[in-house]
file target-v8.cif (mmCIF, N, CA, C and O atoms)
data_upload
#
loop_
_atom_site.label_atom_id
_atom_site.label_comp_id
_atom_site.auth_asym_id
_atom_site.auth_seq_id
_atom_site.Cartn_x
_atom_site.Cartn_y
_atom_site.Cartn_z
N MET A 1 0.84 -1.19 0.00
CA MET A 1 0.00 0.00 0.00
C MET A 1 0.88 1.24 0.00
O MET A 1 1.90 1.29 0.66
N ALA A 2 0.43 2.24 -0.70
CA ALA A 2 1.17 3.49 -0.74
C ALA A 2 0.96 4.26 0.57
O ALA A 2 0.01 4.00 1.32
N LEU A 3 1.87 5.16 0.82
CA LEU A 3 1.81 5.94 2.06
C LEU A 3 0.49 6.70 2.18
O LEU A 3 -0.12 6.75 3.26
N HIS A 4 0.04 7.26 1.07
CA HIS A 4 -1.24 8.00 1.08
C HIS A 4 -2.39 7.07 1.49
O HIS A 4 -3.26 7.45 2.27
N ASP A 5 -2.38 5.85 0.96
CA ASP A 5 -3.44 4.90 1.30
C ASP A 5 -3.39 4.50 2.77
O ASP A 5 -4.42 4.35 3.43
N GLU A 6 -2.18 4.32 3.28
CA GLU A 6 -2.03 3.97 4.70
C GLU A 6 -2.54 5.09 5.60
O GLU A 6 -3.23 4.85 6.58
N LEU A 7 -2.20 6.33 5.26
CA LEU A 7 -2.68 7.46 6.06
C LEU A 7 -4.20 7.61 5.97
O LEU A 7 -4.84 7.97 6.96
N THR A 8 -4.76 7.32 4.82
CA THR A 8 -6.22 7.36 4.69
C THR A 8 -6.86 6.29 5.57
O THR A 8 -7.88 6.55 6.23
N ALA A 9 -6.26 5.11 5.62
CA ALA A 9 -6.78 4.04 6.49
C ALA A 9 -6.68 4.44 7.96
O ALA A 9 -7.62 4.21 8.74
N VAL A 10 -5.57 5.05 8.34
CA VAL A 10 -5.41 5.51 9.73
C VAL A 10 -6.45 6.57 10.04
O VAL A 10 -7.06 6.57 11.12
N GLN A 11 -6.68 7.48 9.10
CA GLN A 11 -7.68 8.54 9.31
C GLN A 11 -9.06 7.94 9.53
O GLN A 11 -9.80 8.37 10.41
N ARG A 12 -9.41 6.93 8.74
CA ARG A 12 -10.71 6.28 8.92
C ARG A 12 -10.83 5.63 10.29
O ARG A 12 -11.87 5.72 10.95
N CYS A 13 -9.76 4.97 10.73
CA CYS A 13 -9.78 4.33 12.05
C CYS A 13 -9.91 5.35 13.18
O CYS A 13 -10.69 5.14 14.13
N VAL A 14 -9.19 6.46 13.07
CA VAL A 14 -9.28 7.50 14.10
C VAL A 14 -10.68 8.12 14.09
O VAL A 14 -11.26 8.36 15.16
N ASP A 15 -11.24 8.34 12.91
CA ASP A 15 -12.61 8.88 12.84
C ASP A 15 -13.60 7.93 13.49
O ASP A 15 -14.51 8.37 14.21
N GLU A 16 -13.44 6.64 13.24
CA GLU A 16 -14.33 5.65 13.87
C GLU A 16 -14.14 5.64 15.38
O GLU A 16 -15.11 5.53 16.14
N LEU A 17 -12.91 5.77 15.85
CA LEU A 17 -12.64 5.83 17.29
C LEU A 17 -13.32 7.04 17.92
O LEU A 17 -13.94 6.93 18.98
N VAL A 18 -13.25 8.19 17.25
CA VAL A 18 -13.89 9.40 17.77
C VAL A 18 -15.40 9.19 17.86
O VAL A 18 -16.03 9.55 18.87
N ARG A 19 -15.99 8.60 16.82
CA ARG A 19 -17.44 8.33 16.86
C ARG A 19 -17.81 7.36 17.97
O ARG A 19 -18.79 7.55 18.68
N THR A 20 -17.00 6.33 18.16
CA THR A 20 -17.28 5.32 19.19
C THR A 20 -17.16 5.92 20.58
O THR A 20 -18.01 5.65 21.45
N VAL A 21 -16.15 6.73 20.80
CA VAL A 21 -16.00 7.37 22.11
C VAL A 21 -17.18 8.31 22.36
O VAL A 21 -17.72 8.38 23.48
N GLY A 22 -17.64 9.01 21.34
CA GLY A 22 -18.81 9.87 21.49
C GLY A 22 -20.05 9.09 21.87
O GLY A 22 -20.82 9.49 22.75
N ARG A 23 -20.25 7.93 21.21
CA ARG A 23 -21.40 7.08 21.55
C ARG A 23 -21.27 6.55 22.97
O ARG A 23 -22.25 6.50 23.71
N LEU A 24 -20.07 6.17 23.35
CA LEU A 24 -19.83 5.67 24.70
C LEU A 24 -20.17 6.74 25.74
O LEU A 24 -20.83 6.45 26.75
N GLU A 25 -19.76 7.95 25.49
CA GLU A 25 -20.07 9.05 26.42
C GLU A 25 -21.58 9.26 26.55
O GLU A 25 -22.11 9.46 27.64
N ARG A 26 -22.27 9.22 25.41
CA ARG A 26 -23.72 9.44 25.45
C ARG A 26 -24.45 8.28 26.14
O ARG A 26 -25.38 8.50 26.91
N GLN A 27 -24.04 7.05 25.88
CA GLN A 27 -24.72 5.90 26.46
C GLN A 27 -24.43 5.74 27.95
O GLN A 27 -25.32 5.41 28.72
N ALA A 28 -23.19 5.96 28.34
CA ALA A 28 -22.82 5.74 29.73
C ALA A 28 -23.25 6.90 30.61
O ALA A 28 -23.54 6.71 31.79
N GLY A 29 -23.28 8.08 30.04
CA GLY A 29 -23.74 9.24 30.80
C GLY A 29 -22.92 9.48 32.05
O GLY A 29 -21.70 9.61 32.00
N ASP A 30 -23.60 9.52 33.20
CA ASP A 30 -22.95 9.85 34.47
C ASP A 30 -22.05 8.72 34.99
O ASP A 30 -21.19 8.96 35.84
N GLN A 31 -22.25 7.51 34.53
CA GLN A 31 -21.44 6.40 35.00
C GLN A 31 -19.95 6.59 34.67
O GLN A 31 -19.09 6.18 35.42
N LEU A 32 -19.69 7.23 33.53
CA LEU A 32 -18.30 7.43 33.11
C LEU A 32 -17.90 8.91 33.16
O LEU A 32 -16.90 9.30 32.57
N ALA A 33 -18.67 9.72 33.87
CA ALA A 33 -18.39 11.16 33.90
C ALA A 33 -17.25 11.44 34.86
O ALA A 33 -17.43 11.94 35.95
N GLY A 34 -16.07 11.10 34.47
CA GLY A 34 -14.92 11.35 35.32
C GLY A 34 -13.74 11.79 34.49
O GLY A 34 -13.85 12.10 33.30
N VAL A 35 -12.62 11.80 35.13
CA VAL A 35 -11.38 12.22 34.47
C VAL A 35 -11.02 11.27 33.34
O VAL A 35 -10.50 11.69 32.31
N ASP A 36 -11.31 9.98 33.51
CA ASP A 36 -10.92 8.99 32.51
C ASP A 36 -11.58 9.26 31.16
O ASP A 36 -10.93 9.13 30.12
N VAL A 37 -12.85 9.59 31.14
CA VAL A 37 -13.54 9.85 29.88
C VAL A 37 -12.99 11.11 29.22
O VAL A 37 -12.78 11.15 28.01
N ARG A 38 -12.74 12.13 30.04
CA ARG A 38 -12.15 13.35 29.47
C ARG A 38 -10.77 13.06 28.89
O ARG A 38 -10.40 13.62 27.86
N ARG A 39 -10.04 12.19 29.55
CA ARG A 39 -8.71 11.85 29.05
C ARG A 39 -8.79 11.11 27.72
O ARG A 39 -8.02 11.38 26.79
N VAL A 40 -9.73 10.19 27.61
CA VAL A 40 -9.92 9.46 26.35
C VAL A 40 -10.34 10.43 25.25
O VAL A 40 -9.84 10.36 24.11
N ARG A 41 -11.23 11.37 25.57
CA ARG A 41 -11.66 12.35 24.59
C ARG A 41 -10.47 13.22 24.14
O ARG A 41 -10.28 13.48 22.96
N THR A 42 -9.65 13.65 25.08
CA THR A 42 -8.47 14.45 24.75
C THR A 42 -7.50 13.65 23.89
O THR A 42 -6.91 14.18 22.94
N ASP A 43 -7.33 12.37 24.22
CA ASP A 43 -6.44 11.52 23.43
C ASP A 43 -6.94 11.35 22.00
O ASP A 43 -6.15 11.37 21.06
N THR A 44 -8.24 11.18 21.83
CA THR A 44 -8.77 11.04 20.47
C THR A 44 -8.62 12.35 19.70
O THR A 44 -8.32 12.32 18.50
N ASP A 45 -8.81 13.47 20.38
CA ASP A 45 -8.60 14.76 19.71
C ASP A 45 -7.14 14.92 19.28
O ASP A 45 -6.85 15.39 18.18
N ARG A 46 -6.24 14.51 20.15
CA ARG A 46 -4.81 14.60 19.83
C ARG A 46 -4.47 13.68 18.66
O ARG A 46 -3.68 14.03 17.79
N LEU A 47 -5.04 12.48 18.63
CA LEU A 47 -4.82 11.57 17.51
C LEU A 47 -5.31 12.19 16.20
O LEU A 47 -4.64 12.08 15.17
N THR A 48 -6.47 12.82 16.25
CA THR A 48 -7.01 13.46 15.05
C THR A 48 -6.06 14.54 14.54
O THR A 48 -5.76 14.62 13.33
N GLU A 49 -5.55 15.36 15.44
CA GLU A 49 -4.61 16.41 15.05
C GLU A 49 -3.31 15.82 14.52
O GLU A 49 -2.75 16.32 13.54
N SER A 50 -2.83 14.75 15.15
CA SER A 50 -1.57 14.14 14.73
C SER A 50 -1.68 13.55 13.33
O SER A 50 -0.76 13.69 12.51
N VAL A 51 -2.78 12.90 13.04
CA VAL A 51 -2.96 12.33 11.71
C VAL A 51 -3.07 13.45 10.67
O VAL A 51 -2.50 13.34 9.58
N ALA A 52 -3.73 14.53 11.02
CA ALA A 52 -3.82 15.66 10.10
C ALA A 52 -2.43 16.24 9.82
O ALA A 52 -2.11 16.59 8.68
N LEU A 53 -1.60 16.32 10.85
CA LEU A 53 -0.23 16.80 10.66
C LEU A 53 0.57 15.87 9.77
O LEU A 53 1.33 16.31 8.90
N LEU A 54 0.42 14.56 9.99
CA LEU A 54 1.11 13.60 9.14
C LEU A 54 0.69 13.71 7.69
O LEU A 54 1.51 13.68 6.78
N ARG A 55 -0.61 13.85 7.48
CA ARG A 55 -1.11 13.97 6.11
C ARG A 55 -0.60 15.23 5.43
O ARG A 55 -0.25 15.22 4.26
N SER A 56 -0.56 16.33 6.18
CA SER A 56 -0.08 17.58 5.56
C SER A 56 1.42 17.52 5.31
O SER A 56 1.92 18.10 4.36
N ALA A 57 2.16 16.79 6.16
CA ALA A 57 3.60 16.68 5.98
C ALA A 57 3.96 15.80 4.79
O ALA A 57 5.00 15.98 4.16
N THR A 58 3.10 14.85 4.46
CA THR A 58 3.39 13.94 3.35
C THR A 58 2.69 14.34 2.07
O THR A 58 2.83 13.66 1.06
N ALA A 59 1.93 15.42 2.12
CA ALA A 59 1.25 15.88 0.90
C ALA A 59 2.29 16.36 -0.09
O ALA A 59 3.30 16.94 0.29
N PRO A 60 2.05 16.13 -1.37
CA PRO A 60 3.01 16.62 -2.35
C PRO A 60 3.08 18.14 -2.31
O PRO A 60 2.06 18.80 -2.10
N PRO A 61 4.27 18.68 -2.46
CA PRO A 61 4.38 20.14 -2.41
C PRO A 61 3.60 20.79 -3.55
O PRO A 61 3.49 20.22 -4.64
N ALA A 62 3.06 21.93 -3.25
CA ALA A 62 2.30 22.66 -4.27
C ALA A 62 3.27 23.09 -5.37
O ALA A 62 4.42 23.44 -5.10
N PRO A 63 2.81 23.05 -6.60
CA PRO A 63 3.70 23.47 -7.69
C PRO A 63 4.10 24.93 -7.53
O PRO A 63 3.28 25.77 -7.18
N ARG A 64 5.36 25.18 -7.75
CA ARG A 64 5.85 26.54 -7.62
C ARG A 64 5.40 27.35 -8.82
O ARG A 64 5.45 26.89 -9.95
N GLU A 65 4.98 28.54 -8.53
CA GLU A 65 4.58 29.43 -9.61
C GLU A 65 5.81 29.93 -10.33
O GLU A 65 6.82 30.26 -9.72
N GLN A 66 5.71 29.93 -11.63
CA GLN A 66 6.79 30.47 -12.42
C GLN A 66 6.77 31.99 -12.33
O GLN A 66 5.70 32.60 -12.38
N PRO A 67 7.91 32.61 -12.16
CA PRO A 67 7.91 34.07 -12.10
C PRO A 67 7.44 34.64 -13.44
O PRO A 67 7.64 34.04 -14.49
N LEU A 68 6.78 35.76 -13.34
CA LEU A 68 6.29 36.40 -14.55
C LEU A 68 7.47 36.82 -15.41
O LEU A 68 8.46 37.37 -14.92
N ARG A 69 7.34 36.57 -16.68
CA ARG A 69 8.40 36.95 -17.59
C ARG A 69 8.17 38.40 -17.98
O ARG A 69 7.09 38.77 -18.43
N THR A 70 9.14 39.19 -17.77
CA THR A 70 9.02 40.60 -18.13
C THR A 70 10.00 40.90 -19.25
O THR A 70 11.21 40.65 -19.13
N ASP A 71 9.46 41.35 -20.34
CA ASP A 71 10.30 41.75 -21.46
C ASP A 71 10.66 43.21 -21.29
O ASP A 71 9.84 44.04 -20.88
N LEU A 72 11.88 43.52 -21.61
CA LEU A 72 12.33 44.90 -21.50
C LEU A 72 11.71 45.73 -22.62
O LEU A 72 11.63 45.29 -23.77
N VAL A 73 11.27 46.90 -22.25
CA VAL A 73 10.71 47.82 -23.22
C VAL A 73 11.64 49.02 -23.29
O VAL A 73 11.95 49.64 -22.27
N THR A 74 12.08 49.32 -24.47
CA THR A 74 12.97 50.45 -24.65
C THR A 74 12.15 51.72 -24.77
O THR A 74 11.21 51.80 -25.57
N ILE A 75 12.49 52.69 -23.95
CA ILE A 75 11.80 53.99 -24.00
C ILE A 75 12.76 54.97 -24.65
O ILE A 75 13.87 55.19 -24.16
N PRO A 76 12.32 55.57 -25.74
CA PRO A 76 13.23 56.48 -26.44
C PRO A 76 13.47 57.77 -25.64
O PRO A 76 12.65 58.17 -24.83
N ASP A 77 14.61 58.38 -25.90
CA ASP A 77 14.97 59.63 -25.23
C ASP A 77 14.33 60.84 -25.90
O ASP A 77 14.35 61.94 -25.35
N THR A 78 13.74 60.67 -27.07
CA THR A 78 13.13 61.80 -27.78
C THR A 78 11.88 62.25 -27.03
O THR A 78 11.21 61.44 -26.39
N PRO A 79 11.55 63.54 -27.09
CA PRO A 79 10.36 64.04 -26.38
C PRO A 79 9.08 63.43 -26.96
O PRO A 79 9.00 63.09 -28.13
N TYR A 80 8.09 63.32 -26.09
CA TYR A 80 6.79 62.82 -26.52
C TYR A 80 6.08 63.88 -27.35
O TYR A 80 6.35 65.08 -27.23
N ASP A 81 5.11 63.43 -28.13
CA ASP A 81 4.29 64.34 -28.90
C ASP A 81 3.42 65.12 -27.93
O ASP A 81 2.66 64.53 -27.14
N SER A 82 3.49 66.41 -27.92
CA SER A 82 2.75 67.24 -26.96
C SER A 82 1.25 67.14 -27.16
O SER A 82 0.48 67.43 -26.24
N SER A 83 0.77 66.71 -28.31
CA SER A 83 -0.67 66.59 -28.53
C SER A 83 -1.26 65.46 -27.68
O SER A 83 -2.47 65.39 -27.48
N LEU A 84 -0.41 64.58 -27.19
CA LEU A 84 -0.91 63.51 -26.32
C LEU A 84 -1.42 64.06 -25.00
O LEU A 84 -2.25 63.45 -24.34
N TRP A 85 -0.91 65.22 -24.57
CA TRP A 85 -1.21 65.75 -23.25
C TRP A 85 -2.22 66.90 -23.27
O TRP A 85 -2.56 67.43 -22.23
N THR A 86 -2.69 67.28 -24.42
CA THR A 86 -3.68 68.36 -24.49
C THR A 86 -5.07 67.77 -24.61
O THR A 86 -5.26 66.69 -25.15
N ASN A 87 -6.04 68.54 -24.12
CA ASN A 87 -7.44 68.11 -24.18
C ASN A 87 -7.94 68.34 -25.59
O ASN A 87 -7.98 69.46 -26.07
N ALA A 88 -8.35 67.28 -26.24
CA ALA A 88 -8.81 67.38 -27.62
C ALA A 88 -10.25 67.84 -27.69
O ALA A 88 -10.79 68.01 -28.77
N GLY A 89 -10.91 68.06 -26.59
CA GLY A 89 -12.29 68.52 -26.59
C GLY A 89 -13.30 67.39 -26.61
O GLY A 89 -14.47 67.61 -26.34
N ASP A 90 -12.87 66.20 -26.92
CA ASP A 90 -13.83 65.09 -26.99
C ASP A 90 -13.77 64.20 -25.75
O ASP A 90 -14.39 63.16 -25.70
N CYS A 91 -13.03 64.58 -24.75
CA CYS A 91 -12.99 63.80 -23.52
C CYS A 91 -13.26 64.72 -22.32
O CYS A 91 -13.05 65.92 -22.39
N ASP A 92 -13.72 64.12 -21.25
CA ASP A 92 -14.04 64.89 -20.05
C ASP A 92 -12.96 64.67 -19.02
O ASP A 92 -12.70 63.54 -18.60
N ASP A 93 -12.27 65.71 -18.63
CA ASP A 93 -11.22 65.57 -17.64
C ASP A 93 -11.70 65.99 -16.26
O ASP A 93 -10.90 66.12 -15.34
N GLU A 94 -12.97 66.20 -16.10
CA GLU A 94 -13.62 66.54 -14.84
C GLU A 94 -12.99 67.75 -14.16
O GLU A 94 -12.90 67.84 -12.96
N GLY A 95 -12.52 68.67 -14.95
CA GLY A 95 -12.04 69.92 -14.40
C GLY A 95 -10.60 69.91 -13.97
O GLY A 95 -10.05 70.93 -13.59
N LEU A 96 -9.96 68.79 -14.00
CA LEU A 96 -8.58 68.74 -13.57
C LEU A 96 -7.66 69.01 -14.76
O LEU A 96 -7.68 68.31 -15.76
N GLY A 97 -6.91 70.05 -14.68
CA GLY A 97 -5.96 70.37 -15.73
C GLY A 97 -6.53 71.16 -16.87
O GLY A 97 -5.83 71.46 -17.83
N ALA A 98 -7.79 71.50 -16.79
CA ALA A 98 -8.37 72.31 -17.87
C ALA A 98 -7.87 73.74 -17.73
O ALA A 98 -7.61 74.24 -16.63
N ARG A 99 -7.75 74.46 -18.84
CA ARG A 99 -7.17 75.80 -18.83
C ARG A 99 -8.03 76.80 -18.05
O ARG A 99 -7.52 77.63 -17.32
N ASP A 100 -9.35 76.69 -18.18
CA ASP A 100 -10.21 77.69 -17.53
C ASP A 100 -10.69 77.24 -16.15
O ASP A 100 -11.46 77.95 -15.53
N ARG A 101 -10.28 76.08 -15.67
CA ARG A 101 -10.69 75.59 -14.37
C ARG A 101 -9.49 75.09 -13.59
O ARG A 101 -8.44 74.79 -14.17
N HIS A 102 -9.67 74.94 -12.29
CA HIS A 102 -8.60 74.36 -11.47
C HIS A 102 -9.20 73.40 -10.46
O HIS A 102 -10.39 73.40 -10.18
N ALA A 103 -8.35 72.57 -9.93
CA ALA A 103 -8.79 71.57 -8.94
C ALA A 103 -9.16 72.26 -7.65
O ALA A 103 -8.57 73.28 -7.29
N PRO A 104 -10.14 71.74 -6.94
CA PRO A 104 -10.54 72.34 -5.67
C PRO A 104 -9.45 72.23 -4.62
O PRO A 104 -8.59 71.47 -4.64
#

call {"tool": "encode", "arguments": {"input": "target-v8.cif", "output": "structure tokens"}}
result
Amino acid sequence: MALHDELTAVQRCVDELVRTVGRLERQAGDQLAGVDVRRVRTDTDRLTESVALLRSATAPPAPREQPLRTDLVTIPDTPYDSSLWTNAGDCDDEGLGARDRHAP
């Protein structure tokens, strides 16, 4: 059996133990209402956590993300066309940078 299958079998057994201890607590009621029952409950909780830790430790590592490839873009030293920065009249700049208005 593979390690994953073995851990799955252990998980099923621990889950069944937790259910059985729960049924035992409900059926016995006050007869078992002592430190021993709390200890068994704590032990089953610890087993559940331990199996979860084992499963996470043996899980295959997540695939590493490849870094984004960035291509270099050459920016020319020549000045930009000044018409790019003027308001052509067909767009709304909401008053910011307009010649006859200023920002609040």

call {"tool": "atom_distance", "arguments": {"input": "target-v8.cif", "atom1": "atom CA of Gln27 of chain A", "atom2": "atom CA of Asp45 of chain A"}}
result
19.6 Å

call {"tool": "residues_around", "arguments": {"input": "target-v8.cif", "residues": "segment 48-55 of chain A", "least_positions_apart": "6", "cutoff": "8 Å", "atoms": "all atoms listed in the file", "output": "mmCIF file with N, CA, C and O atoms, keeping the file's coordinate frame"}}
result
data_model
loop_
_atom_site.group_PDB
_atom_site.id
_atom_site.type_symbol
_atom_site.label_atom_id
_atom_site.label_comp_id
_atom_site.auth_asym_id
_atom_site.auth_seq_id
_atom_site.Cartn_x
_atom_site.Cartn_y
_atom_site.Cartn_z
ATOM 1 N N LEU A 3 1.870 5.160 0.820
ATOM 2 C CA LEU A 3 1.810 5.940 2.060
ATOM 3 C C LEU A 3 0.490 6.700 2.180
ATOM 4 O O LEU A 3 -0.120 6.750 3.260
ATOM 5 N N HIS A 4 0.040 7.260 1.070
ATOM 6 C CA HIS A 4 -1.240 8.000 1.080
ATOM 7 C C HIS A 4 -2.390 7.070 1.490
ATOM 8 O O HIS A 4 -3.260 7.450 2.270
ATOM 9 N N LEU A 7 -2.200 6.330 5.260
ATOM 10 C CA LEU A 7 -2.680 7.460 6.060
ATOM 11 C C LEU A 7 -4.200 7.610 5.970
ATOM 12 O O LEU A 7 -4.840 7.970 6.960
ATOM 13 N N THR A 8 -4.760 7.320 4.820
ATOM 14 C CA THR A 8 -6.220 7.360 4.690
ATOM 15 C C THR A 8 -6.860 6.290 5.570
ATOM 16 O O THR A 8 -7.880 6.550 6.230
ATOM 17 N N VAL A 10 -5.570 5.050 8.340
ATOM 18 C CA VAL A 10 -5.410 5.510 9.730
ATOM 19 C C VAL A 10 -6.450 6.570 10.040
ATOM 20 O O VAL A 10 -7.060 6.570 11.120
ATOM 21 N N GLN A 11 -6.680 7.480 9.100
ATOM 22 C CA GLN A 11 -7.680 8.540 9.310
ATOM 23 C C GLN A 11 -9.060 7.940 9.530
ATOM 24 O O GLN A 11 -9.800 8.370 10.410
ATOM 25 N N VAL A 14 -9.190 6.460 13.070
ATOM 26 C CA VAL A 14 -9.280 7.500 14.100
ATOM 27 C C VAL A 14 -10.680 8.120 14.090
ATOM 28 O O VAL A 14 -11.260 8.360 15.160
ATOM 29 N N ASP A 15 -11.240 8.340 12.910
ATOM 30 C CA ASP A 15 -12.610 8.880 12.840
ATOM 31 C C ASP A 15 -13.600 7.930 13.490
ATOM 32 O O ASP A 15 -14.510 8.370 14.210
ATOM 33 N N ARG A 41 -11.230 11.370 25.570
ATOM 34 C CA ARG A 41 -11.660 12.350 24.590
ATOM 35 C C ARG A 41 -10.470 13.220 24.140
ATOM 36 O O ARG A 41 -10.280 13.480 22.960
ATOM 37 N N THR A 42 -9.650 13.650 25.080
ATOM 38 C CA THR A 42 -8.470 14.450 24.750
ATOM 39 C C THR A 42 -7.500 13.650 23.890
ATOM 40 O O THR A 42 -6.910 14.180 22.940
#

call {"tool": "closest_residue", "arguments": {"input": "target-v8.cif", "among": "A:Val40, A:Leu72, A:Ala2, A:Ala59", "to": "Val18 of chain A", "atoms": "only N, CA, C and O atoms"}}
result
A:Val40

call {"tool": "atom_distance", "arguments": {"input": "target-v8.cif", "atom1": "atom O of Ala57 of chain A", "atom2": "atom CA of Arg12 of chain A"}}
result
19.1 Å

call {"tool": "atom_distance", "arguments": {"input": "target-v8.cif", "atom1": "atom N of Glu6 of chain A", "atom2": "atom C of Arg64 of chain A"}}
result
27.1 Å
